[in-house]
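Listing of data30.txt, compact mmCIF, C-alpha atoms
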# COMPACT_ATOMS: atom_id res chain seq x y z
CA MET A 1 17.31 126.83 -17.38
CA LYS A 2 16.10 123.36 -18.37
CA PHE A 3 16.47 121.99 -21.89
CA GLY A 4 14.32 119.42 -23.66
CA VAL A 5 13.29 118.34 -27.13
CA SER A 6 10.20 118.94 -29.25
CA THR A 7 9.65 116.91 -32.40
CA PHE A 8 7.32 114.97 -34.68
CA ILE A 9 7.65 111.21 -34.33
CA THR A 10 6.66 109.54 -37.61
CA ASP A 11 7.00 106.21 -39.38
CA GLN A 12 9.88 107.63 -41.44
CA GLY A 13 12.20 108.82 -38.66
CA ILE A 14 13.85 107.44 -35.56
CA ALA A 15 11.63 105.12 -33.53
CA PRO A 16 10.29 106.30 -30.14
CA ALA A 17 12.34 103.99 -27.89
CA PRO A 18 15.83 104.79 -29.23
CA LEU A 19 14.88 108.46 -29.38
CA GLY A 20 13.89 108.49 -25.72
CA ARG A 21 17.03 106.66 -24.64
CA ALA A 22 19.23 109.03 -26.61
CA ILE A 23 17.60 112.12 -25.10
CA GLU A 24 18.00 110.77 -21.57
CA GLU A 25 21.61 109.67 -22.13
CA ARG A 26 22.53 113.20 -23.27
CA GLY A 27 21.20 114.88 -20.15
CA LEU A 28 18.22 116.64 -21.72
CA ASP A 29 15.19 116.73 -19.45
CA SER A 30 12.10 116.21 -21.58
CA LEU A 31 10.50 115.08 -24.83
CA LEU A 32 7.28 116.66 -26.14
CA ILE A 33 5.77 115.36 -29.37
CA ALA A 34 3.18 116.65 -31.80
CA GLU A 35 -0.18 115.14 -32.72
CA HIS A 36 -2.29 115.03 -35.88
CA THR A 37 -4.78 112.23 -36.39
CA HIS A 38 -4.89 112.78 -40.14
CA ILE A 39 -4.63 115.52 -42.76
CA PRO A 40 -7.62 116.01 -45.09
CA VAL A 41 -6.79 115.79 -48.81
CA GLU A 42 -8.86 118.90 -49.52
CA ARG A 43 -7.71 121.57 -47.10
CA ARG A 44 -8.88 125.19 -47.00
CA THR A 45 -7.09 126.18 -43.81
CA PRO A 46 -3.69 127.73 -44.53
CA TYR A 47 -0.67 126.35 -42.70
CA PRO A 48 0.22 128.87 -39.96
CA GLY A 49 3.91 128.50 -40.73
CA GLY A 50 3.38 129.52 -44.34
CA GLY A 51 4.09 127.58 -47.51
CA GLU A 52 3.34 123.93 -48.07
CA LEU A 53 2.46 121.65 -45.18
CA GLN A 54 5.43 119.42 -44.35
CA GLU A 55 5.08 115.67 -44.76
CA ILE A 56 5.70 115.10 -41.02
CA TYR A 57 2.19 116.43 -40.33
CA TYR A 58 0.71 113.59 -42.36
CA ARG A 59 2.64 110.81 -40.64
CA THR A 60 2.67 111.41 -36.88
CA LEU A 61 2.39 108.40 -34.59
CA ASP A 62 -0.27 108.46 -31.89
CA PRO A 63 1.46 110.38 -29.08
CA PHE A 64 0.23 108.19 -26.23
CA VAL A 65 1.43 105.01 -27.94
CA ALA A 66 4.78 106.58 -28.85
CA LEU A 67 5.35 108.01 -25.37
CA SER A 68 4.47 104.70 -23.74
CA ALA A 69 7.30 103.13 -25.74
CA VAL A 70 9.62 105.87 -24.52
CA ALA A 71 8.45 105.46 -20.93
CA ALA A 72 9.38 101.77 -21.01
CA VAL A 73 13.05 102.45 -21.77
CA THR A 74 13.68 105.64 -19.75
CA GLU A 75 13.67 106.57 -16.07
CA ARG A 76 14.14 110.32 -15.79
CA ILE A 77 12.97 112.42 -18.72
CA LEU A 78 9.56 114.07 -18.72
CA LEU A 79 7.21 112.88 -21.46
CA GLY A 80 4.64 115.17 -22.98
CA THR A 81 2.28 116.03 -25.77
CA GLY A 82 3.18 119.13 -27.64
CA ILE A 83 0.35 119.50 -28.31
CA ALA A 84 -2.56 117.10 -27.89
CA LEU A 85 -5.51 118.28 -29.97
CA VAL A 86 -8.20 118.19 -27.29
CA VAL A 87 -10.78 119.53 -29.73
CA GLN A 88 -10.49 116.18 -31.57
CA ARG A 89 -10.45 113.91 -28.51
CA ASP A 90 -13.14 112.21 -26.46
CA PRO A 91 -12.55 113.49 -22.91
CA ILE A 92 -13.30 110.22 -21.10
CA ILE A 93 -10.92 108.19 -23.28
CA THR A 94 -8.28 110.92 -23.18
CA ALA A 95 -8.50 111.18 -19.38
CA LYS A 96 -7.81 107.44 -19.15
CA GLU A 97 -4.89 107.66 -21.62
CA VAL A 98 -3.34 110.53 -19.66
CA ALA A 99 -3.73 108.73 -16.33
CA SER A 100 -2.44 105.45 -17.76
CA LEU A 101 0.65 107.05 -19.28
CA ASP A 102 1.33 108.94 -16.06
CA LEU A 103 1.10 105.64 -14.20
CA VAL A 104 3.35 103.58 -16.49
CA SER A 105 5.93 106.39 -16.62
CA GLY A 106 6.07 106.76 -12.85
CA GLY A 107 4.53 110.24 -12.83
CA ARG A 108 6.52 111.80 -15.67
CA PHE A 109 3.76 112.95 -18.01
CA ILE A 110 3.12 116.54 -19.14
CA PHE A 111 -0.26 117.15 -20.80
CA GLY A 112 0.44 119.78 -23.43
CA VAL A 113 -2.83 120.91 -25.01
CA GLY A 114 -4.13 123.29 -27.63
CA ILE A 115 -7.13 124.07 -29.80
CA GLY A 116 -5.48 123.31 -33.15
CA TRP A 117 -5.41 125.16 -36.45
CA ASN A 118 -6.56 122.70 -39.15
CA GLU A 119 -10.30 123.30 -39.35
CA GLU A 120 -11.01 120.48 -41.79
CA GLU A 121 -9.23 118.02 -39.52
CA MET A 122 -11.33 118.98 -36.50
CA GLU A 123 -14.54 118.99 -38.56
CA ASN A 124 -13.87 115.35 -39.44
CA HIS A 125 -14.00 114.67 -35.70
CA GLY A 126 -17.39 116.36 -35.44
CA ALA A 127 -16.06 119.59 -33.90
CA ASN A 128 -17.17 123.07 -34.92
CA PRO A 129 -14.10 125.30 -35.40
CA ARG A 130 -16.10 128.35 -34.30
CA THR A 131 -16.73 126.88 -30.84
CA ARG A 132 -13.47 124.97 -30.38
CA GLY A 133 -12.18 127.18 -27.58
CA ARG A 134 -15.23 126.58 -25.41
CA LEU A 135 -15.15 122.90 -26.30
CA VAL A 136 -11.52 122.49 -25.22
CA ASP A 137 -12.09 124.36 -21.96
CA GLU A 138 -15.05 122.17 -21.09
CA ARG A 139 -13.28 118.93 -21.96
CA LEU A 140 -10.31 119.91 -19.79
CA ARG A 141 -12.63 120.63 -16.87
CA ALA A 142 -14.36 117.29 -17.37
CA MET A 143 -11.02 115.47 -17.42
CA ARG A 144 -9.98 117.12 -14.18
CA GLU A 145 -13.12 115.73 -12.57
CA LEU A 146 -12.29 112.25 -13.86
CA TRP A 147 -8.73 112.46 -12.53
CA THR A 148 -9.57 113.81 -9.10
CA LYS A 149 -12.96 112.38 -8.08
CA GLU A 150 -13.84 108.82 -7.14
CA LYS A 151 -17.31 109.38 -8.58
CA ALA A 152 -16.96 111.92 -11.35
CA GLU A 153 -19.75 113.65 -13.19
CA PHE A 154 -19.98 116.58 -15.57
CA HIS A 155 -22.85 118.47 -17.13
CA GLY A 156 -21.99 121.12 -19.68
CA GLU A 157 -22.68 122.45 -23.14
CA PHE A 158 -20.54 119.88 -24.94
CA VAL A 159 -19.73 117.23 -22.31
CA ASP A 160 -22.40 115.53 -20.26
CA PHE A 161 -22.17 112.41 -18.14
CA ASP A 162 -23.72 111.22 -14.90
CA PRO A 163 -21.51 109.86 -12.06
CA VAL A 164 -18.89 107.39 -13.29
CA TYR A 165 -15.89 105.50 -11.96
CA SER A 166 -12.68 106.02 -13.91
CA TRP A 167 -9.37 104.42 -12.98
CA PRO A 168 -6.43 104.54 -12.89
CA LYS A 169 -5.97 107.92 -11.31
CA PRO A 170 -2.78 109.76 -12.26
CA VAL A 171 0.33 109.35 -10.13
CA GLN A 172 0.83 113.11 -10.04
CA ARG A 173 -1.55 114.99 -7.80
CA PRO A 174 -3.99 116.45 -8.37
CA HIS A 175 -3.21 115.51 -11.99
CA PRO A 176 -0.36 115.80 -14.51
CA PRO A 177 0.57 119.40 -15.26
CA ILE A 178 -1.41 120.99 -18.08
CA TYR A 179 0.79 123.04 -20.40
CA VAL A 180 -1.47 125.25 -22.51
CA GLY A 181 -0.20 126.06 -25.99
CA GLY A 182 -1.17 129.00 -28.13
CA GLY A 183 -0.71 132.75 -28.33
CA GLU A 184 -2.31 135.57 -26.40
CA GLY A 185 -5.76 134.23 -27.21
CA ALA A 186 -4.96 131.32 -24.89
CA PHE A 187 -4.02 133.46 -21.87
CA LYS A 188 -7.41 133.12 -20.18
CA ARG A 189 -7.20 129.35 -20.68
CA VAL A 190 -3.73 129.30 -19.13
CA ALA A 191 -5.00 131.34 -16.19
CA ALA A 192 -8.08 129.19 -15.56
CA LEU A 193 -6.90 125.70 -16.48
CA GLY A 194 -3.15 125.67 -17.04
CA ASP A 195 -0.13 124.92 -14.92
CA ALA A 196 2.23 126.45 -17.49
CA TRP A 197 2.26 128.23 -20.84
CA LEU A 198 3.74 126.35 -23.80
CA ALA A 199 4.85 129.30 -25.90
CA ASN A 200 5.89 129.20 -29.54
CA SER A 201 9.45 130.30 -30.27
CA THR A 202 8.53 133.63 -31.84
CA GLY A 203 11.73 135.30 -30.63
CA ALA A 204 12.86 136.39 -27.20
CA GLU A 205 12.27 140.10 -27.80
CA GLU A 206 8.65 139.45 -28.79
CA LEU A 207 8.09 136.87 -26.05
CA ALA A 208 9.18 139.04 -23.10
CA PRO A 209 6.17 141.42 -23.07
CA LYS A 210 3.81 138.51 -23.71
CA ILE A 211 5.03 136.76 -20.57
CA GLU A 212 4.39 139.92 -18.60
CA ARG A 213 0.87 140.24 -20.02
CA LEU A 214 0.14 136.57 -19.35
CA ARG A 215 1.14 136.85 -15.71
CA GLY A 216 -0.99 139.96 -15.41
CA VAL A 217 -4.02 138.08 -16.74
CA ALA A 218 -3.34 135.05 -14.52
CA GLY A 219 -2.44 137.01 -11.42
CA ARG A 220 0.42 134.62 -10.70
CA ASP A 221 3.92 133.72 -11.82
CA VAL A 222 3.00 131.23 -14.56
CA PRO A 223 5.93 128.98 -15.61
CA VAL A 224 6.83 129.21 -19.30
CA THR A 225 8.25 126.54 -21.60
CA VAL A 226 9.27 127.67 -25.09
CA TYR A 227 8.50 125.24 -27.92
CA ALA A 228 10.61 124.51 -31.03
CA VAL A 229 13.69 126.62 -30.32
CA GLU A 230 16.48 126.53 -32.89
CA LYS A 231 19.90 125.35 -31.65
CA GLU A 232 21.99 128.40 -32.53
CA PRO A 233 23.76 129.62 -29.35
CA GLU A 234 22.94 133.27 -30.03
CA ILE A 235 19.23 132.42 -30.08
CA VAL A 236 19.47 130.39 -26.89
CA GLU A 237 21.39 133.21 -25.22
CA GLN A 238 18.51 135.61 -25.84
CA TYR A 239 16.01 133.26 -24.23
CA THR A 240 18.20 132.76 -21.17
CA GLN A 241 17.69 136.46 -20.40
CA LEU A 242 13.96 135.84 -19.92
CA ASP A 243 12.17 134.32 -16.95
CA VAL A 244 11.37 131.00 -18.61
CA GLU A 245 11.64 127.55 -17.09
CA ARG A 246 12.56 125.45 -20.11
CA LEU A 247 13.55 125.60 -23.76
CA LEU A 248 12.49 122.77 -26.04
CA PHE A 249 14.93 122.45 -28.93
CA TYR A 250 13.34 121.61 -32.26
CA LEU A 251 14.54 118.23 -33.47
CA PRO A 252 13.92 117.59 -37.19
CA THR A 253 12.45 114.20 -38.01
CA MET A 254 15.32 112.11 -39.38
CA PRO A 255 16.65 108.53 -39.45
CA GLU A 256 18.32 107.26 -36.30
CA ALA A 257 21.96 107.90 -37.16
CA GLU A 258 21.32 111.51 -38.20
CA THR A 259 19.11 112.08 -35.16
CA LEU A 260 21.81 110.91 -32.74
CA THR A 261 24.32 113.30 -34.30
CA TYR A 262 21.86 116.17 -34.07
CA LEU A 263 21.09 115.35 -30.44
CA ASP A 264 24.81 115.50 -29.67
CA GLU A 265 24.78 119.05 -31.02
CA LEU A 266 21.72 119.98 -28.96
CA ALA A 267 23.28 118.56 -25.81
CA GLY A 268 26.43 120.57 -26.45
CA VAL A 269 24.48 123.81 -26.79
CA ALA A 270 22.47 123.04 -23.64
CA GLU A 271 25.65 122.41 -21.66
CA ARG A 272 26.95 125.87 -22.52
CA PHE A 273 24.00 127.53 -20.79
CA ARG A 274 23.53 125.38 -17.72

The structure in this file should be written as structure tokens.
Amino acid sequence: MKFGVSTFITDQGIAPAPLGRAIEERGLDSLLIAEHTHIPVERRTPYPGGGELQEIYYRTLDPFVALSAVAAVTERILLGTGIALVVQRDPIITAKEVASLDLVSGGRFIFGVGIGWNEEEMENHGANPRTRGRLVDERLRAMRELWTKEKAEFHGEFVDFDPVYSWPKPVQRPHPPIYVGGGEGAFKRVAALGDAWLANSTGAEELAPKIERLRGVAGRDVPVTVYAVEKEPEIVEQYTQLDVERLLFYLPTMPEAETLTYLDELAGVAERFR
């Protein structure tokens, strides 16, 4: 079992560089960070977690900028988006950002992706929430062409470009692993376009049959990383009974001193189950 960290990096918590160093120094293997470009003032879409939307959603740093800062001061940990909102991202620009971050990190990038939940946010980017699944699938396919072909072209419903050159290419071949987030509605996307499933921490008992169904849909042994796991040992123990590759502990967004103390606790829990 591998153990990493999932969190929101904001302008009010620990900065990216000291966070990355602290995670690496404590023997954790990865850092995946959330993305929101903005939060509309008038919002109809309910928060999936229930209740009021936390302030961290309003204040996230750009994940590619933040992870580049982490890459510069670390050597080992994997760096990922958890998740990048592909529905809100230009595929040509995003393909270059992914490849560039994979290059500067020495091939340590994980491209965690999802379709998002905040409909007003995606509408501000010109996306139609009703077609966001098809849009994300097409953009991912277009990005794979840009990463793997010297002369890439794509002609689809939402993405259309004639042959282009796009460098750099990613260090990882054929491209950085794509971790697809979401529930059972994302299983076909995992099967067709994903290298792993980034599952929400809904509980080990509930997750076990979902993993079985996912692998039935995909027809292969899809690796699973569980996102935002609480640090209680009894919870971790339940997940260790499942066939999952990695647990990402949830790290609350806090000032540096409090974050370092919390990371010490996470590292201690991880050590118990290695």

Residue neighbourhood A:Thr225, 8 Å, all atoms listed in the file, exclusion window fewer than 4 positions, as a PDB file with C-alpha atoms, in the coordinates of the input:
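Everything below was put into part-v7.pdb:
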ATOM      1  CA  ALA A 196       2.230 126.450 -17.490  1.00  0.00           C
ATOM      2  CA  TRP A 197       2.260 128.230 -20.840  1.00  0.00           C
ATOM      3  CA  LEU A 198       3.740 126.350 -23.800  1.00  0.00           C
ATOM      4  CA  ALA A 199       4.850 129.300 -25.900  1.00  0.00           C
ATOM      5  CA  VAL A 244      11.370 131.000 -18.610  1.00  0.00           C
ATOM      6  CA  GLU A 245      11.640 127.550 -17.090  1.00  0.00           C
ATOM      7  CA  ARG A 246      12.560 125.450 -20.110  1.00  0.00           C
ATOM      8  CA  LEU A 247      13.550 125.600 -23.760  1.00  0.00           C
ATOM      9  CA  LEU A 248      12.490 122.770 -26.040  1.00  0.00           C
TER      10      LEU A 248
END

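Between atom CA of A:Val226 and atom CA of A:Ala127 lies a distance of 28.0 Å.
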
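The gap separating atom CA of A:Gly182 from atom CA of A:Glu97 is 22.6 Å, in Å to one decimal.
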
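Atom to atom, atom CA of A:Phe158 and atom CA of A:Ala34 stand 24.9 Å apart.
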
- prompt: Out of A:Leu79, A:Met122, A:Ala72, A:Ala66, which residue has the shortest atom-to-atom distance to A:Val5 when counting all atoms listed in the file?
  reply: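 Ranked by minimum distance to A:Val5, first place goes to A:Leu79.
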
Determine, for each residue of stretch 45-89 of chain A having at least one atom at most 8 Å from an atom of stretch 108-116 of chain A, the closest pair of atoms and their separation in Å to one decimal, counting all atoms listed in the file; order by chain and ascending number, as a tab-separated table.
residue	atom	partner	partner_atom	distance
A:Arg76	CA	A:Arg108	CA	7.8
A:Ile77	CA	A:Arg108	CA	7.2
A:Leu78	CA	A:Arg108	CA	4.9
A:Leu79	CA	A:Phe109	CA	4.9
A:Gly80	CA	A:Ile110	CA	4.4
A:Thr81	CA	A:Gly112	CA	4.8
A:Gly82	CA	A:Gly112	CA	5.1
A:Ile83	CA	A:Val113	CA	4.8
A:Ala84	CA	A:Val113	CA	4.8
A:Leu85	CA	A:Gly114	CA	5.7
A:Val86	CA	A:Val113	CA	6.4
A:Val87	CA	A:Ile115	CA	5.8

- request: Please check which residues have atoms at most 12 Å from (-2.4, 104.0, -28.5) in the file's coordinates, counting all atoms listed in the file, and write them as a PyMOL selection string.
  value: chain A and resi 37+61-69+93-94+96-98+100-101

message: Which residue is closest to A:Pro174? Choose from A:Tyr262, A:Tyr250, A:Trp117, A:Trp147 and count all atoms listed in the file.
response: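 Closest to A:Pro174, using all atoms listed in the file: A:Trp147.
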
- prompt: Skipping near chain neighbours, those fewer than 2 positions away, what residues fall within 12 Å of A:Glu42 using only C-alpha atoms, listed as a PyMOL selection string?
  reply: chain A and resi 38-40+44-46+118-121+124

message: Could you check the closest approach to A:Ala99 for each of A:Pro163, A:Pro177, A:Gly126, A:Gly203 and tell me which residue wins, using all atoms listed in the file?
response: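 Ranked by minimum distance to A:Ala99, first place goes to A:Pro177.
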
Once 5 Å is added on each side, what are the centre and the three edge lengths, in Å to one decimal, of the axis-aligned box enclosing the listed atoms of stretch 88-107 of chain A? Present them as JSON.
{"center_x": -3.6, "center_y": 109.9, "center_z": -22.2, "size_x": 29.4, "size_y": 22.6, "size_z": 28.7}

task: Mind checking which residues fall within 12 Å of A:Ala17, counting all atoms listed in the file, ignoring those fewer than 3 positions away in the same chain, and posting them as a PyMOL selection string?
output: chain A and resi 9+13-14+20-24+31+65-74+256

message: With all atoms listed in the file as the counted atoms, please give the residues lying no more than 10 Å from A:Thr253, apart from itself and same-chain residues fewer than 5 positions off, as a VMD selection string.
response: chain A and resid 7 to 14 56 258 to 259

message: Here is a test: counting all atoms listed in the file, which residue of A:Gly107, A:Gly219, A:Leu146, A:Leu28 is nearest to A:Pro176?
response: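 Closest to A:Pro176, using all atoms listed in the file: A:Gly107.
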
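All residues of protein, DNA or RNA that reach within 12 Å of A:Phe154, judged by only C-alpha atoms and not counting those fewer than 6 positions away in the chain, are Pro91, Ile92, Glu138, Arg139, Leu140, Arg141, Ala142, Met143, Arg144, Glu145, Leu146, Asp160, Phe161, Asp162, Pro163 and Val164 of chain A.
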
message: Every residue with an atom at most 10 Å from (-8.4, 126.3, -14.1) (file coordinates; all atoms listed in the file) is what I'm after, so could you write them as a list in words?
response: Asp137, Leu140, Arg141, Arg144, Ile178, Lys188, Arg189, Val190, Ala191, Ala192, Leu193, Gly194 and Asp195 of chain A

- prompt: Which is closest to A:Leu260 among A:Ser166, A:Gly50, A:Pro18, A:Leu103, if we use all atoms listed in the file?
  reply: A:Pro18

Written-out stretch 88-99 of chain A (all heavy atoms) as an mmCIF file, in the first residue's frame:
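This is the output file out_4.cif:
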data_model
loop_
_atom_site.group_PDB
_atom_site.id
_atom_site.type_symbol
_atom_site.label_atom_id
_atom_site.label_comp_id
_atom_site.auth_asym_id
_atom_site.auth_seq_id
_atom_site.Cartn_x
_atom_site.Cartn_y
_atom_site.Cartn_z
ATOM 1 N N GLN A 88 -13.266 22.686 -18.352
ATOM 2 C CA GLN A 88 -13.017 24.121 -18.333
ATOM 3 C C GLN A 88 -11.675 24.501 -18.950
ATOM 4 O O GLN A 88 -11.248 25.647 -18.827
ATOM 5 C CB GLN A 88 -13.084 24.628 -16.883
ATOM 6 C CG GLN A 88 -14.425 24.364 -16.225
ATOM 7 C CD GLN A 88 -14.502 24.732 -14.756
ATOM 8 O OE1 GLN A 88 -15.505 24.470 -14.108
ATOM 9 N NE2 GLN A 88 -13.455 25.341 -14.229
ATOM 10 N N ARG A 89 -11.025 23.548 -19.635
ATOM 11 C CA ARG A 89 -9.648 23.770 -20.078
ATOM 12 C C ARG A 89 -9.508 23.582 -21.578
ATOM 13 O O ARG A 89 -9.976 22.593 -22.132
ATOM 14 C CB ARG A 89 -8.703 22.801 -19.371
ATOM 15 C CG ARG A 89 -8.525 23.091 -17.902
ATOM 16 C CD ARG A 89 -7.464 22.187 -17.294
ATOM 17 N NE ARG A 89 -6.771 22.902 -16.229
ATOM 18 C CZ ARG A 89 -5.726 23.667 -16.409
ATOM 19 N NH1 ARG A 89 -5.215 23.812 -17.615
ATOM 20 N NH2 ARG A 89 -5.162 24.291 -15.397
ATOM 21 N N ASP A 90 -8.807 24.527 -22.212
ATOM 22 C CA ASP A 90 -8.443 24.380 -23.616
ATOM 23 C C ASP A 90 -7.503 23.182 -23.750
ATOM 24 O O ASP A 90 -6.496 23.089 -23.033
ATOM 25 C CB ASP A 90 -7.736 25.646 -24.097
ATOM 26 C CG ASP A 90 -7.251 25.516 -25.525
ATOM 27 O OD1 ASP A 90 -6.112 25.039 -25.721
ATOM 28 O OD2 ASP A 90 -8.015 25.871 -26.437
ATOM 29 N N PRO A 91 -7.792 22.243 -24.642
ATOM 30 C CA PRO A 91 -6.981 21.016 -24.692
ATOM 31 C C PRO A 91 -5.561 21.236 -25.201
ATOM 32 O O PRO A 91 -4.644 20.521 -24.774
ATOM 33 C CB PRO A 91 -7.778 20.103 -25.633
ATOM 34 C CG PRO A 91 -8.606 21.035 -26.464
ATOM 35 C CD PRO A 91 -8.946 22.183 -25.569
ATOM 36 N N ILE A 92 -5.350 22.175 -26.104
ATOM 37 C CA ILE A 92 -4.003 22.396 -26.628
ATOM 38 C C ILE A 92 -3.114 23.021 -25.547
ATOM 39 O O ILE A 92 -1.975 22.587 -25.332
ATOM 40 C CB ILE A 92 -4.039 23.271 -27.887
ATOM 41 C CG1 ILE A 92 -4.824 22.558 -28.998
ATOM 42 C CG2 ILE A 92 -2.630 23.598 -28.368
ATOM 43 C CD1 ILE A 92 -5.025 23.388 -30.263
ATOM 44 N N ILE A 93 -3.630 24.012 -24.843
ATOM 45 C CA ILE A 93 -2.868 24.631 -23.756
ATOM 46 C C ILE A 93 -2.634 23.628 -22.632
ATOM 47 O O ILE A 93 -1.530 23.516 -22.091
ATOM 48 C CB ILE A 93 -3.594 25.882 -23.232
ATOM 49 C CG1 ILE A 93 -3.618 26.977 -24.300
ATOM 50 C CG2 ILE A 93 -2.939 26.386 -21.949
ATOM 51 C CD1 ILE A 93 -4.437 28.182 -23.927
ATOM 52 N N THR A 94 -3.667 22.879 -22.274
ATOM 53 C CA THR A 94 -3.537 21.911 -21.189
ATOM 54 C C THR A 94 -2.534 20.818 -21.538
ATOM 55 O O THR A 94 -1.740 20.383 -20.692
ATOM 56 C CB THR A 94 -4.897 21.305 -20.830
ATOM 57 O OG1 THR A 94 -5.813 22.355 -20.515
ATOM 58 C CG2 THR A 94 -4.789 20.364 -19.637
ATOM 59 N N ALA A 95 -2.554 20.351 -22.790
ATOM 60 C CA ALA A 95 -1.581 19.337 -23.211
ATOM 61 C C ALA A 95 -0.158 19.850 -23.038
ATOM 62 O O ALA A 95 0.738 19.112 -22.592
ATOM 63 C CB ALA A 95 -1.829 18.942 -24.663
ATOM 64 N N LYS A 96 0.076 21.113 -23.359
ATOM 65 C CA LYS A 96 1.414 21.685 -23.186
ATOM 66 C C LYS A 96 1.765 21.819 -21.707
ATOM 67 O O LYS A 96 2.910 21.564 -21.297
ATOM 68 C CB LYS A 96 1.526 23.041 -23.885
ATOM 69 C CG LYS A 96 2.910 23.665 -23.766
ATOM 70 C CD LYS A 96 3.043 24.918 -24.588
ATOM 71 C CE LYS A 96 3.236 24.621 -26.056
ATOM 72 N NZ LYS A 96 4.592 24.082 -26.359
ATOM 73 N N GLU A 97 0.805 22.231 -20.873
ATOM 74 C CA GLU A 97 1.072 22.347 -19.433
ATOM 75 C C GLU A 97 1.418 20.982 -18.825
ATOM 76 O O GLU A 97 2.348 20.870 -18.018
ATOM 77 C CB GLU A 97 -0.138 22.949 -18.733
ATOM 78 C CG GLU A 97 -0.352 24.417 -19.047
ATOM 79 C CD GLU A 97 -1.549 24.993 -18.332
ATOM 80 O OE1 GLU A 97 -2.550 24.273 -18.164
ATOM 81 O OE2 GLU A 97 -1.496 26.175 -17.953
ATOM 82 N N VAL A 98 0.665 19.959 -19.204
ATOM 83 C CA VAL A 98 0.933 18.616 -18.701
ATOM 84 C C VAL A 98 2.330 18.158 -19.117
ATOM 85 O O VAL A 98 3.120 17.660 -18.300
ATOM 86 C CB VAL A 98 -0.136 17.625 -19.199
ATOM 87 C CG1 VAL A 98 0.285 16.184 -18.930
ATOM 88 C CG2 VAL A 98 -1.479 17.918 -18.548
ATOM 89 N N ALA A 99 2.634 18.300 -20.405
ATOM 90 C CA ALA A 99 3.943 17.865 -20.897
ATOM 91 C C ALA A 99 5.073 18.665 -20.257
ATOM 92 O O ALA A 99 6.130 18.113 -19.920
ATOM 93 C CB ALA A 99 3.992 17.996 -22.416
#
